[in-house]
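Participant: Just entry12.txt, nothing more (compact mmCIF, C-alpha atoms and all ligand atoms):
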# COMPACT_ATOMS: atom_id res chain seq x y z
CA MET A 204 93.83 7.57 0.48
CA LYS A 205 90.73 9.40 -0.75
CA ASN A 206 90.20 12.89 0.68
CA VAL A 207 93.65 13.11 2.20
CA LEU A 208 95.92 15.87 1.00
CA THR A 209 99.20 17.47 1.94
CA HIS A 210 99.30 20.60 -0.26
CA VAL A 211 96.95 23.41 -1.26
CA ALA A 212 97.83 25.60 -4.28
CA GLY A 213 101.18 23.80 -4.33
CA LEU A 214 102.10 24.68 -0.74
CA PRO A 215 102.25 22.41 2.33
CA VAL A 216 99.09 22.84 4.41
CA PRO A 217 100.80 23.04 7.86
CA GLU A 218 103.10 25.75 6.50
CA LEU A 219 100.13 27.83 5.26
CA ALA A 220 98.33 27.35 8.56
CA ARG A 221 101.39 28.43 10.55
CA ALA A 222 101.92 31.50 8.39
CA TYR A 223 98.33 32.77 8.19
CA GLY A 224 96.39 30.98 10.90
CA THR A 225 93.04 29.28 10.44
CA PRO A 226 90.45 29.68 9.12
CA ALA A 227 91.86 31.16 5.90
CA PHE A 228 90.79 31.32 2.27
CA ILE A 229 93.62 30.19 -0.04
CA TYR A 230 93.22 31.11 -3.73
CA ASP A 231 95.28 29.65 -6.56
CA GLN A 232 95.69 32.26 -9.31
CA ALA A 233 96.44 29.64 -11.99
CA VAL A 234 92.97 28.12 -11.57
CA VAL A 235 91.25 31.48 -12.11
CA GLU A 236 93.32 32.08 -15.24
CA GLN A 237 92.54 28.60 -16.52
CA ARG A 238 88.78 29.20 -16.17
CA ILE A 239 89.04 32.58 -17.91
CA SER A 240 90.87 30.99 -20.83
CA GLU A 241 88.14 28.36 -21.17
CA LEU A 242 85.58 31.10 -21.86
CA LYS A 243 87.71 33.02 -24.37
CA GLN A 244 85.36 32.11 -27.25
CA PHE A 245 82.91 34.66 -25.84
CA PRO A 246 83.60 38.15 -27.23
CA VAL A 247 83.03 39.60 -23.73
CA ILE A 248 83.51 37.90 -20.37
CA ARG A 249 81.94 39.97 -17.60
CA TYR A 250 82.80 38.78 -14.09
CA ALA A 251 79.90 38.85 -11.62
CA GLN A 252 82.04 40.14 -8.77
CA LYS A 253 79.59 39.33 -6.00
CA ALA A 254 81.03 35.79 -6.15
CA SER A 255 84.33 37.11 -4.77
CA SER A 256 84.87 40.84 -4.80
CA ASN A 257 88.33 41.14 -3.23
CA LEU A 258 90.30 43.94 -4.92
CA ALA A 259 93.11 41.56 -5.87
CA ILE A 260 90.67 39.18 -7.57
CA LEU A 261 89.18 42.14 -9.48
CA ALA A 262 92.67 43.32 -10.47
CA LEU A 263 93.43 39.79 -11.68
CA MET A 264 90.29 39.79 -13.81
CA ARG A 265 91.17 43.16 -15.30
CA ARG A 266 94.71 41.95 -16.11
CA ASN A 267 93.12 39.11 -18.06
CA GLY A 268 90.82 41.30 -20.14
CA VAL A 269 87.69 40.43 -18.18
CA ALA A 270 85.03 43.16 -17.71
CA VAL A 271 83.02 43.37 -14.49
CA ASP A 272 79.43 43.42 -13.27
CA ALA A 273 78.46 45.36 -10.14
CA VAL A 274 75.22 44.86 -8.24
CA SER A 275 75.64 47.70 -5.72
CA ALA A 276 77.31 51.06 -5.24
CA GLY A 277 79.94 49.30 -3.15
CA GLU A 278 80.76 46.94 -5.99
CA ILE A 279 81.06 49.88 -8.42
CA TYR A 280 83.40 51.51 -5.89
CA ARG A 281 85.52 48.35 -5.76
CA ALA A 282 85.73 48.14 -9.55
CA LEU A 283 86.76 51.80 -9.80
CA GLN A 284 89.52 51.20 -7.21
CA VAL A 285 91.28 48.71 -9.50
CA GLY A 286 90.99 50.86 -12.62
CA TYR A 287 87.77 49.75 -14.27
CA THR A 288 85.54 52.51 -15.68
CA GLY A 289 82.06 52.71 -17.15
CA GLU A 290 83.55 53.68 -20.49
CA GLY A 291 84.62 51.68 -23.51
CA ASN A 292 82.99 49.13 -25.73
CA PRO A 293 82.34 46.86 -23.98
CA PRO A 294 82.08 49.07 -20.88
CA GLY A 295 84.41 48.01 -18.06
CA ILE A 296 81.62 48.16 -15.46
CA VAL A 297 77.88 47.52 -15.79
CA TYR A 298 75.49 48.04 -12.87
CA THR A 299 72.89 45.25 -12.65
CA ALA A 300 70.03 45.52 -10.16
CA ASP A 301 66.28 45.53 -9.72
CA VAL A 302 66.36 48.84 -7.83
CA PHE A 303 68.43 52.00 -7.50
CA ASP A 304 69.23 52.90 -3.94
CA TYR A 305 70.52 56.46 -3.43
CA ASP A 306 74.16 55.36 -3.25
CA ALA A 307 73.91 53.49 -6.53
CA MET A 308 72.13 56.40 -8.20
CA ALA A 309 74.93 58.78 -7.18
CA MET A 310 77.64 56.36 -8.30
CA VAL A 311 76.02 55.63 -11.68
CA LYS A 312 75.52 59.32 -12.33
CA GLN A 313 78.95 60.47 -11.24
CA HIS A 314 80.91 57.77 -13.04
CA ARG A 315 78.58 57.28 -16.03
CA ILE A 316 78.12 53.58 -15.40
CA PRO A 317 75.91 51.74 -17.91
CA VAL A 318 72.87 50.15 -16.29
CA ASN A 319 71.24 46.77 -16.70
CA ALA A 320 67.72 47.45 -15.42
CA GLY A 321 65.67 44.81 -13.67
CA SER A 322 62.49 46.87 -13.19
CA PRO A 323 60.57 49.39 -15.33
CA ASP A 324 60.84 51.96 -12.50
CA MET A 325 64.60 51.99 -12.96
CA ILE A 326 64.19 53.19 -16.54
CA THR A 327 62.08 56.17 -15.48
CA GLN A 328 64.41 57.01 -12.57
CA LEU A 329 67.50 56.74 -14.77
CA GLY A 330 65.95 59.20 -17.22
CA GLU A 331 65.56 61.68 -14.37
CA PHE A 332 69.11 61.66 -13.01
CA TYR A 333 71.11 60.55 -16.05
CA PRO A 334 69.36 61.41 -19.33
CA GLY A 335 71.07 59.98 -22.39
CA ALA A 336 72.24 56.87 -20.52
CA ASP A 337 72.68 53.52 -22.22
CA VAL A 338 70.58 50.83 -20.62
CA THR A 339 70.05 47.12 -21.11
CA LEU A 340 67.02 45.24 -19.86
CA ARG A 341 67.29 42.23 -17.62
CA ILE A 342 64.43 40.04 -18.82
CA ASN A 343 62.55 37.43 -16.81
CA PRO A 344 61.45 35.08 -19.60
CA GLY A 345 58.60 33.69 -17.49
CA PHE A 346 60.41 30.57 -16.33
CA GLY A 347 63.42 29.76 -14.19
CA HIS A 348 65.51 26.74 -13.43
CA GLY A 349 65.93 24.63 -10.33
CA HIS A 350 63.55 24.08 -7.46
CA SER A 351 65.01 26.31 -4.75
CA ARG A 352 63.26 29.63 -4.24
CA LYS A 353 66.57 30.92 -2.92
CA THR A 354 68.49 30.35 -6.12
CA ASN A 355 65.83 30.49 -8.83
CA THR A 356 66.36 33.54 -11.02
CA GLY A 357 63.29 33.39 -13.29
CA GLY A 358 59.56 32.69 -13.28
CA GLU A 359 56.64 34.21 -11.42
CA PHE A 360 58.17 33.77 -7.96
CA SER A 361 61.46 35.45 -8.85
CA LYS A 362 61.93 39.10 -7.94
CA HIS A 363 64.48 39.51 -10.72
CA GLY A 364 64.16 41.20 -14.06
CA ILE A 365 61.46 42.69 -16.23
CA TRP A 366 58.56 40.42 -17.13
CA HIS A 367 58.90 39.26 -20.72
CA THR A 368 55.57 40.68 -21.89
CA GLU A 369 56.56 44.20 -20.82
CA ILE A 370 59.36 44.77 -23.31
CA GLU A 371 57.33 47.09 -25.57
CA ASP A 372 56.19 49.10 -22.53
CA CYS A 373 59.82 49.49 -21.48
CA LEU A 374 60.89 50.64 -24.94
CA ARG A 375 58.19 53.30 -24.75
CA LEU A 376 59.30 54.24 -21.19
CA GLY A 377 62.87 54.51 -22.41
CA LYS A 378 61.86 56.83 -25.22
CA GLU A 379 59.86 59.03 -22.83
CA ALA A 380 62.70 59.06 -20.28
CA GLY A 381 65.38 59.85 -22.87
CA VAL A 382 67.51 56.73 -22.29
CA THR A 383 68.58 54.27 -24.96
CA ILE A 384 67.66 50.63 -24.54
CA HIS A 385 70.34 48.89 -26.53
CA GLY A 386 70.67 45.48 -24.96
CA LEU A 387 69.02 42.45 -23.39
CA HIS A 388 70.19 40.26 -20.55
CA MET A 389 68.92 36.97 -19.16
CA HIS A 390 70.43 35.37 -16.07
CA ILE A 391 68.60 32.09 -15.64
CA GLY A 392 71.31 29.48 -15.12
CA SER A 393 70.47 26.18 -16.76
CA GLY A 394 73.17 24.18 -15.06
CA THR A 395 74.25 21.40 -17.41
CA ASP A 396 70.71 21.06 -18.78
CA PHE A 397 71.22 22.01 -22.44
CA ASP A 398 67.58 21.37 -23.38
CA HIS A 399 66.65 24.01 -20.84
CA LEU A 400 69.43 26.30 -22.07
CA ALA A 401 68.06 26.02 -25.62
CA THR A 402 64.70 27.22 -24.28
CA VAL A 403 66.43 30.21 -22.66
CA CYS A 404 68.19 31.00 -25.96
CA ASP A 405 64.86 30.81 -27.83
CA ALA A 406 63.34 33.19 -25.29
CA MET A 407 66.24 35.59 -25.91
CA VAL A 408 65.69 35.49 -29.69
CA LYS A 409 61.99 36.14 -29.19
CA ALA A 410 62.70 39.08 -26.84
CA ALA A 411 65.29 40.47 -29.26
CA SER A 412 62.79 40.45 -32.12
CA ARG A 413 60.59 42.76 -30.07
CA VAL A 414 63.42 45.24 -29.49
CA GLY A 415 64.47 45.33 -33.14
CA ALA A 416 67.18 47.41 -34.79
CA GLN A 417 68.28 49.32 -31.68
CA LEU A 418 69.64 46.11 -30.14
CA GLU A 419 73.46 46.00 -29.91
CA VAL A 420 74.33 43.63 -27.06
CA ILE A 421 72.93 40.47 -25.52
CA SER A 422 74.10 38.85 -22.30
CA ALA A 423 73.78 35.18 -21.48
CA GLY A 424 74.06 35.97 -17.76
CA GLY A 425 75.92 33.65 -15.43
CA GLY A 426 74.97 30.44 -13.74
CA LEU A 427 77.61 28.20 -15.32
CA PRO A 428 77.91 25.29 -12.90
CA ILE A 429 81.06 23.75 -11.47
CA PRO A 430 81.43 20.13 -10.32
CA TYR A 431 81.07 20.53 -6.54
CA HIS A 432 80.80 16.73 -6.28
CA LYS A 433 83.96 14.99 -7.46
CA ASP A 434 81.83 12.64 -9.57
CA GLN A 435 79.94 15.40 -11.38
CA SER A 436 81.11 16.18 -14.90
CA ARG A 437 82.32 19.57 -16.04
CA ILE A 438 80.02 21.67 -18.23
CA ASP A 439 80.77 21.40 -21.96
CA ILE A 440 81.75 25.01 -22.65
CA ASN A 441 81.86 24.46 -26.42
CA ALA A 442 78.26 23.25 -26.42
CA TYR A 443 77.23 26.08 -24.12
CA PHE A 444 78.91 28.66 -26.34
CA GLY A 445 77.49 26.99 -29.47
CA LEU A 446 73.90 27.43 -28.32
CA TRP A 447 74.41 31.10 -27.46
CA GLN A 448 76.33 31.79 -30.65
CA ARG A 449 73.46 30.30 -32.66
CA ALA A 450 71.03 32.57 -30.80
CA ALA A 451 73.26 35.59 -31.48
CA ARG A 452 73.35 34.74 -35.21
CA ALA A 453 69.57 34.41 -35.31
CA ILE A 454 69.26 37.79 -33.60
CA GLU A 455 71.71 39.41 -36.03
CA ASP A 456 69.52 38.16 -38.90
CA ILE A 457 66.49 39.78 -37.27
CA VAL A 458 68.02 43.16 -36.31
CA GLY A 459 70.13 43.41 -39.45
CA HIS A 460 73.55 44.12 -37.89
CA PRO A 461 76.12 42.50 -35.57
CA VAL A 462 75.36 42.17 -31.85
CA THR A 463 77.90 41.61 -29.07
CA LEU A 464 77.50 38.43 -27.04
CA GLU A 465 78.46 38.69 -23.37
CA VAL A 466 78.70 35.97 -20.73
CA GLU A 467 78.55 36.89 -17.03
CA PRO A 468 79.87 34.13 -14.80
CA GLY A 469 80.70 34.49 -11.14
CA ARG A 470 81.02 31.01 -9.72
CA TYR A 471 82.67 29.46 -12.79
CA LEU A 472 85.66 31.80 -12.69
CA VAL A 473 86.52 31.58 -9.00
CA ALA A 474 84.78 28.74 -7.13
CA GLU A 475 87.39 26.06 -7.75
CA SER A 476 90.35 28.38 -7.26
CA CYS A 477 89.94 28.57 -3.50
CA THR A 478 89.99 26.27 -0.50
CA LEU A 479 88.91 27.19 2.98
CA LEU A 480 91.59 25.99 5.36
CA THR A 481 90.37 25.14 8.87
CA GLN A 482 91.73 23.27 11.87
CA ILE A 483 89.93 20.52 13.75
CA ARG A 484 89.62 21.74 17.35
CA ALA A 485 87.50 18.97 18.86
CA ILE A 486 86.32 15.47 18.01
CA LYS A 487 83.38 14.10 19.95
CA SER A 488 80.59 11.56 19.85
CA MET A 489 76.86 12.11 20.26
CA GLY A 490 75.32 8.68 20.59
CA GLU A 491 75.97 6.99 17.27
CA ASN A 492 77.33 10.10 15.56
CA ARG A 493 80.89 11.38 15.51
CA PHE A 494 81.65 15.06 15.01
CA TYR A 495 84.71 16.91 13.75
CA LEU A 496 84.40 20.45 15.05
CA VAL A 497 86.50 23.02 13.18
CA ASP A 498 87.38 26.68 13.70
CA ALA A 499 85.27 27.98 10.80
CA GLY A 500 81.50 28.21 10.84
CA PHE A 501 78.76 29.59 8.66
CA ASP A 502 80.09 33.03 9.50
CA THR A 503 83.02 32.06 7.24
CA LEU A 504 81.30 29.84 4.62
CA VAL A 505 77.51 30.07 4.64
CA ARG A 506 76.57 28.04 1.57
CA PRO A 507 75.95 24.70 3.32
CA SER A 508 73.77 26.33 6.00
CA MET A 509 71.97 28.65 3.61
CA TYR A 510 71.38 26.39 0.61
CA GLY A 511 72.36 22.90 1.78
CA SER A 512 75.28 23.18 -0.65
CA TYR A 513 77.82 20.41 -0.94
CA HIS A 514 81.55 21.06 -0.61
CA GLU A 515 84.16 18.34 -0.93
CA ILE A 516 86.16 17.97 2.27
CA SER A 517 89.73 16.74 2.74
CA ILE A 518 91.94 16.15 5.74
CA ALA A 519 95.60 17.16 6.01
CA ALA A 520 97.57 15.58 8.85
CA ALA A 521 99.28 18.21 10.99
CA ASP A 522 102.19 15.87 11.74
CA GLY A 523 102.64 14.49 8.23
CA ARG A 524 101.62 10.93 9.23
CA ASP A 525 100.00 8.54 6.77
CA ILE A 526 96.24 8.34 7.26
CA THR A 527 94.89 4.93 6.29
CA ALA A 528 91.48 4.66 7.97
CA ALA A 529 88.21 6.52 7.46
CA SER A 530 84.81 6.72 9.12
CA ASP A 531 81.49 8.54 8.91
CA VAL A 532 81.53 11.93 10.61
CA ILE A 533 79.52 15.12 10.80
CA VAL A 534 81.50 18.33 10.33
CA GLY A 535 80.44 21.34 12.37
CA GLY A 536 81.75 24.76 13.31
CA PRO A 537 82.15 26.82 16.48
CA LEU A 538 78.98 28.95 16.34
CA CYS A 539 76.29 28.84 18.99
CA GLU A 540 73.74 27.78 16.42
CA SER A 541 72.60 24.26 15.61
CA GLY A 542 72.58 25.00 11.89
CA ASP A 543 76.35 25.50 11.97
CA VAL A 544 77.10 22.26 10.15
CA PHE A 545 79.02 21.91 6.88
CA THR A 546 77.64 18.46 6.11
CA GLN A 547 73.97 19.17 5.56
CA GLU A 548 71.50 18.96 2.73
CA GLU A 549 68.74 21.28 1.59
CA GLY A 550 66.22 21.93 4.34
CA GLY A 551 68.88 21.60 7.02
CA VAL A 552 69.05 17.81 7.09
CA VAL A 553 72.32 16.91 8.83
CA VAL A 554 74.19 14.06 7.14
CA SER A 555 77.49 12.36 7.76
CA ARG A 556 80.45 12.15 5.40
CA HIS A 557 82.96 9.33 4.99
CA LEU A 558 86.20 11.10 5.87
CA PRO A 559 89.76 10.13 6.79
CA GLU A 560 90.49 9.45 10.45
CA ALA A 561 91.67 12.74 11.93
CA LYS A 562 93.10 13.95 15.22
CA VAL A 563 92.52 17.22 16.99
CA GLY A 564 94.99 19.68 15.46
CA ASP A 565 94.77 18.21 11.95
CA TYR A 566 93.60 20.45 9.15
CA LEU A 567 90.25 20.16 7.41
CA VAL A 568 89.94 21.68 3.98
CA LEU A 569 86.66 22.74 2.37
CA HIS A 570 87.09 22.77 -1.39
CA ASP A 571 85.58 25.06 -4.04
CA ALA A 572 85.06 27.90 -1.56
CA GLY A 573 86.07 30.70 -3.94
CA ALA A 574 82.56 31.71 -4.98
CA TYR A 575 80.13 33.07 -2.38
CA GLY A 576 82.67 32.16 0.31
CA ALA A 577 84.58 35.18 1.61
CA SER A 578 82.10 37.54 -0.07
CA MET A 579 79.17 36.14 1.94
CA SER A 580 80.97 35.85 5.25
CA SER A 581 79.83 37.79 8.31
CA ASN A 582 80.74 38.74 11.87
CA TYR A 583 78.02 36.55 13.39
CA ASN A 584 78.96 35.50 16.93
CA SER A 585 81.44 38.41 16.78
CA ARG A 586 84.00 36.36 14.94
CA LYS A 587 86.68 38.05 12.89
CA LEU A 588 86.49 37.81 9.10
CA ALA A 589 89.02 35.27 7.85
CA PRO A 590 92.02 36.35 5.77
CA GLU A 591 92.31 35.74 2.03
CA ILE A 592 95.59 34.58 0.51
CA LEU A 593 96.41 34.52 -3.20
CA VAL A 594 99.06 32.05 -4.39
CA HIS A 595 100.88 32.67 -7.66
CA ASP A 596 103.75 30.44 -8.84
CA GLY A 597 104.17 29.03 -5.35
CA VAL A 598 104.29 32.48 -3.69
CA PRO A 599 101.47 33.27 -1.25
CA GLU A 600 100.41 36.86 -0.64
CA VAL A 601 97.83 38.27 1.76
CA ILE A 602 95.01 39.97 -0.20
CA ARG A 603 92.83 40.50 2.84
CA GLU A 604 94.20 40.57 6.34
CA ARG A 605 92.44 38.83 9.16
CA GLN A 606 90.05 41.33 10.70
CA THR A 607 90.83 42.72 14.15
CA PHE A 608 88.46 43.15 17.08
CA GLU A 609 89.08 46.92 16.94
CA HIS A 610 87.98 46.97 13.31
CA MET A 611 84.93 44.86 14.09
CA LEU A 612 83.71 47.36 16.70
CA GLN A 613 84.85 50.60 15.14
CA PHE A 614 81.42 51.90 14.16
CA GLU A 615 79.61 51.04 17.39
CA ARG A 616 78.85 53.79 19.92
CA ILE A 617 77.75 53.69 23.55
CA PRO A 618 75.46 56.62 24.51
CA GLU A 619 76.93 58.77 27.25
CA ARG A 620 74.17 57.82 29.74
CA LEU A 621 75.13 54.12 29.48
CA ARG A 622 78.86 54.57 30.03
CA GLY A 623 80.92 53.83 33.11
C1 LIG A 701 74.91 36.36 -9.38
C2 LIG A 701 74.82 36.83 -10.77
C3 LIG A 701 75.64 36.27 -11.77
C4 LIG A 701 76.61 35.15 -11.51
O1 LIG A 701 76.01 33.96 -11.15
P1 LIG A 701 76.93 32.66 -11.03
O2 LIG A 701 75.95 31.58 -10.72
O3 LIG A 701 77.90 32.89 -9.95
O4 LIG A 701 77.60 32.49 -12.36
C5 LIG A 701 75.55 36.80 -13.04
N1 LIG A 701 74.72 37.80 -13.31
C6 LIG A 701 73.92 38.36 -12.39
C7 LIG A 701 73.04 39.49 -12.75
C8 LIG A 701 73.94 37.89 -11.10
O5 LIG A 701 73.14 38.44 -10.18
Can the structure from this file be put into structure tokens for me?
Ligand SMILES: *Cc1c(COP(=O)(O)O)cnc(C)c1O

Facilitator:
Amino acid sequence: MKNVLTHVAGLPVPELARAYGTPAFIYDQAVVEQRISELKQFPVIRYAQKASSNLAILALMRRNGVAVDAVSAGEIYRALQVGYTGEGNPPGIVYTADVFDYDAMAMVKQHRIPVNAGSPDMITQLGEFYPGADVTLRINPGFGHGHSRKTNTGGEFSKHGIWHTEIEDCLRLGKEAGVTIHGLHMHIGSGTDFDHLATVCDAMVKAASRVGAQLEVISAGGGLPIPYHKDQSRIDINAYFGLWQRAARAIEDIVGHPVTLEVEPGRYLVAESCTLLTQIRAIKSMGENRFYLVDAGFDTLVRPSMYGSYHEISIAAADGRDITAASDVIVGGPLCESGDVFTQEEGGVVVSRHLPEAKVGDYLVLHDAGAYGASMSSNYNSRKLAPEILVHDGVPEVIRERQTFEHMLQFERIPERLRG
């Protein structure tokens, strides 16, 4: 029956739940490697680690020849821990941000991390603490994609990047600051809309023509979509690559020498590799509506609550019985917060889902939880962070242990006068 399953990453669900408890993130290494191989046409794949920044995932990327993007000092620190450096061509790590905080400044300076600057101020500041640095410009081409302010990465209401008419000013700033602007970056995310993508590519060619001969690298950014709905089709990577390759060729004609084309996916590489395993702890009715309440909430997976994102949901019977019936249910979590519902649409509209008939104790699996899942989770309601498990060739290994209460409280202090 639809949306019933018995195994995750090749392993029986009840076995995984017994071994690691619930909720737990279960990653399948083979899926990550498959997605990497699909992008191999690109000369450089740079993983946007904020999608899932676990050290083991970063080590897996590095093993597969994937470079990494870091958006904070902490992400640079993570990348360094698994052996990436800021050296090489392409550099192992690039720092992308719209600001330098003091931590990031220290990290970039100490480890000579190339910078992808999203504001003119960063160019001036970089010149002060790291003269001679290589820098690329993140350009806002003046338009974005999509209708959500929370996910739009271009246009006048986006805080990201350098406005497209300020490229000449930035080149001048770079010269004054003593840093070399040698690349351009656009992270717009066209989804599967190739007409829109062609517009982004045209904007990149136009921007490149204003930089001229000093241009050596262009980055297509990330934003490659995955089919969160089972009936959505997969992006045509050949067509996607084709458009960017054509833009790169046009740019090479303009600047008179080869340029390196980078792609910078987060979601595409990891989203589908991971399922969030939960257990149904209560089933109840509210008037006409039936609820499955599970032991993970938006502290564990925030995308539905934050963006109204859709995740496919399956049920695994705890006792191995055949499930043959289904009904409409709402799936919620344990948090004291009405927005703690996995079946909701943008704007917080709660909807029901046609799901297999489950019993308390059965397992409920949220699919495609690998991107912006564990990395966005929190301790809200003082709940422990869920463990992450990586499965390779049928062998599961813990890559992040379940947090402990001691760990959760370790940095809190009670002033002497309030003790006892
Ligand atoms: C988040 C981000 C990405 C990755 O976005 P996805 O939609 O996960 O592919 C790439 N580049 C930058 C600069 C980002 O901030």

Participant: Using all atoms listed in the file, find each residue with an atom at most 10 Å away from ligand LIG 701 (chain A) and format the answer as JSON, numbers by chain.

Facilitator: {"A": [249, 250, 251, 252, 253, 254, 255, 272, 273, 274, 297, 298, 299, 300, 301, 319, 320, 321, 341, 354, 356, 363, 364, 388, 389, 390, 391, 392, 393, 394, 422, 423, 424, 425, 426, 427, 428, 429, 466, 467, 468, 469, 470, 471, 472, 473, 474, 574, 575]}

Participant: Include C-alpha atoms and write out the residues we just selected as an mmCIF file, keeping the file's coordinate frame.

Facilitator:
data_model
loop_
_atom_site.group_PDB
_atom_site.id
_atom_site.type_symbol
_atom_site.label_atom_id
_atom_site.label_comp_id
_atom_site.auth_asym_id
_atom_site.auth_seq_id
_atom_site.Cartn_x
_atom_site.Cartn_y
_atom_site.Cartn_z
ATOM 1 C CA ARG A 249 81.940 39.970 -17.600
ATOM 2 C CA TYR A 250 82.800 38.780 -14.090
ATOM 3 C CA ALA A 251 79.900 38.850 -11.620
ATOM 4 C CA GLN A 252 82.040 40.140 -8.770
ATOM 5 C CA LYS A 253 79.590 39.330 -6.000
ATOM 6 C CA ALA A 254 81.030 35.790 -6.150
ATOM 7 C CA SER A 255 84.330 37.110 -4.770
ATOM 8 C CA ASP A 272 79.430 43.420 -13.270
ATOM 9 C CA ALA A 273 78.460 45.360 -10.140
ATOM 10 C CA VAL A 274 75.220 44.860 -8.240
ATOM 11 C CA VAL A 297 77.880 47.520 -15.790
ATOM 12 C CA TYR A 298 75.490 48.040 -12.870
ATOM 13 C CA THR A 299 72.890 45.250 -12.650
ATOM 14 C CA ALA A 300 70.030 45.520 -10.160
ATOM 15 C CA ASP A 301 66.280 45.530 -9.720
ATOM 16 C CA ASN A 319 71.240 46.770 -16.700
ATOM 17 C CA ALA A 320 67.720 47.450 -15.420
ATOM 18 C CA GLY A 321 65.670 44.810 -13.670
ATOM 19 C CA ARG A 341 67.290 42.230 -17.620
ATOM 20 C CA THR A 354 68.490 30.350 -6.120
ATOM 21 C CA THR A 356 66.360 33.540 -11.020
ATOM 22 C CA HIS A 363 64.480 39.510 -10.720
ATOM 23 C CA GLY A 364 64.160 41.200 -14.060
ATOM 24 C CA HIS A 388 70.190 40.260 -20.550
ATOM 25 C CA MET A 389 68.920 36.970 -19.160
ATOM 26 C CA HIS A 390 70.430 35.370 -16.070
ATOM 27 C CA ILE A 391 68.600 32.090 -15.640
ATOM 28 C CA GLY A 392 71.310 29.480 -15.120
ATOM 29 C CA SER A 393 70.470 26.180 -16.760
ATOM 30 C CA GLY A 394 73.170 24.180 -15.060
ATOM 31 C CA SER A 422 74.100 38.850 -22.300
ATOM 32 C CA ALA A 423 73.780 35.180 -21.480
ATOM 33 C CA GLY A 424 74.060 35.970 -17.760
ATOM 34 C CA GLY A 425 75.920 33.650 -15.430
ATOM 35 C CA GLY A 426 74.970 30.440 -13.740
ATOM 36 C CA LEU A 427 77.610 28.200 -15.320
ATOM 37 C CA PRO A 428 77.910 25.290 -12.900
ATOM 38 C CA ILE A 429 81.060 23.750 -11.470
ATOM 39 C CA VAL A 466 78.700 35.970 -20.730
ATOM 40 C CA GLU A 467 78.550 36.890 -17.030
ATOM 41 C CA PRO A 468 79.870 34.130 -14.800
ATOM 42 C CA GLY A 469 80.700 34.490 -11.140
ATOM 43 C CA ARG A 470 81.020 31.010 -9.720
ATOM 44 C CA TYR A 471 82.670 29.460 -12.790
ATOM 45 C CA LEU A 472 85.660 31.800 -12.690
ATOM 46 C CA VAL A 473 86.520 31.580 -9.000
ATOM 47 C CA ALA A 474 84.780 28.740 -7.130
ATOM 48 C CA ALA A 574 82.560 31.710 -4.980
ATOM 49 C CA TYR A 575 80.130 33.070 -2.380
#

Participant: Counting all atoms listed in the file, what is within 12 Å of Ile526 of chain A, bar same-chain residues fewer than 3 positions away, as a PyMOL selection string?

Facilitator: chain A and resi 204-209+517-523+529-530+558-562+565

Participant: Hey, which of A:Met310, A:Cys539, A:Ala572, A:Leu400 ends up closest to Glu591 of chain A? Count only C-alpha atoms.

Facilitator: A:Ala572

Participant: Would you compute the distance between atom CA of Arg449 of chain A and atom CA of Thr339 of chain A? Give it in Å to one decimal.

Facilitator: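 Distance reported for this atom pair: 20.7 Å.
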
Participant: Restricting the calculation to all atoms listed in the file: of A:Ser476, A:Ser512, A:Thr481, A:Gln232, which residue gets closest to Tyr431 of chain A?

Facilitator: A:Ser512

Participant: Find, counting only C-alpha atoms, the residue in A:Pro217, A:Gly597, A:Pro507, A:Gly535 that gets nearest to Met579 of chain A.

Facilitator: A:Pro507

Participant: Go through A:Tyr566, A:Val552, A:Ala589, A:Glu515 and flag the residue nearest Phe501 of chain A, using only C-alpha atoms for the distances.

Facilitator: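 The answer is A:Ala589, which sits nearest to Phe501 of chain A.
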
Participant: From the options A:Glu609, A:Asp456, A:Glu359, A:Pro317, which residue's atoms come nearest to His385 of chain A, counting only C-alpha atoms?

Facilitator: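 Looking only at the distances to His385 of chain A, the closest residue turns out to be A:Pro317.
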
Participant: Which of these residues is nearest to Ala336 of chain A, using only C-alpha atoms: A:Val594, A:Val234, A:Ile316, A:Val382?

Facilitator: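 Between A:Val594, A:Val234, A:Ile316, A:Val382, the residue approaching Ala336 of chain A most closely is A:Val382.
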
Participant: Report the distance between atom CA of Ala416 of chain A and atom CA of Tyr443 of chain A in Å, rounded to one decimal place.

Facilitator: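 So the answer is 25.9 Å.
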
Participant: Figure out the distance between atom CA of Ser585 of chain A and atom CA of Val505 of chain A, please, to one decimal in Å.

Facilitator: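 Computing it gives 15.2 Å between the two atoms.
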
Participant: For His610 of chain A, work out the shell of residues within 12 Å, counting only C-alpha atoms and skipping chain neighbours fewer than 5 positions away, then give it as a list of chain:residue names.

Facilitator: A:Asn582, A:Ser585, A:Arg586, A:Lys587, A:Leu588, A:Glu604, A:Arg605, A:Glu615

Participant: Report as lines of an AutoDock Vina configuration file the centre and the edge lengths, in Å to one decimal, of the axis-aligned box holding every listed atom of segment 309-328 of chain A, padded by 8 Å on each side.

Facilitator:
center_x = 70.7
center_y = 52.6
center_z = -12.5
size_x = 36.3
size_y = 31.7
size_z = 26.7

Participant: Would you pick out the contacts of Leu387 of chain A at 8 Å or less, using all atoms listed in the file, so that residues sharing its chain but fewer than 5 positions from it are not included, and give the list as a PyMOL selection string?

Facilitator: chain A and resi 339-342+407+410-411+418+420-422
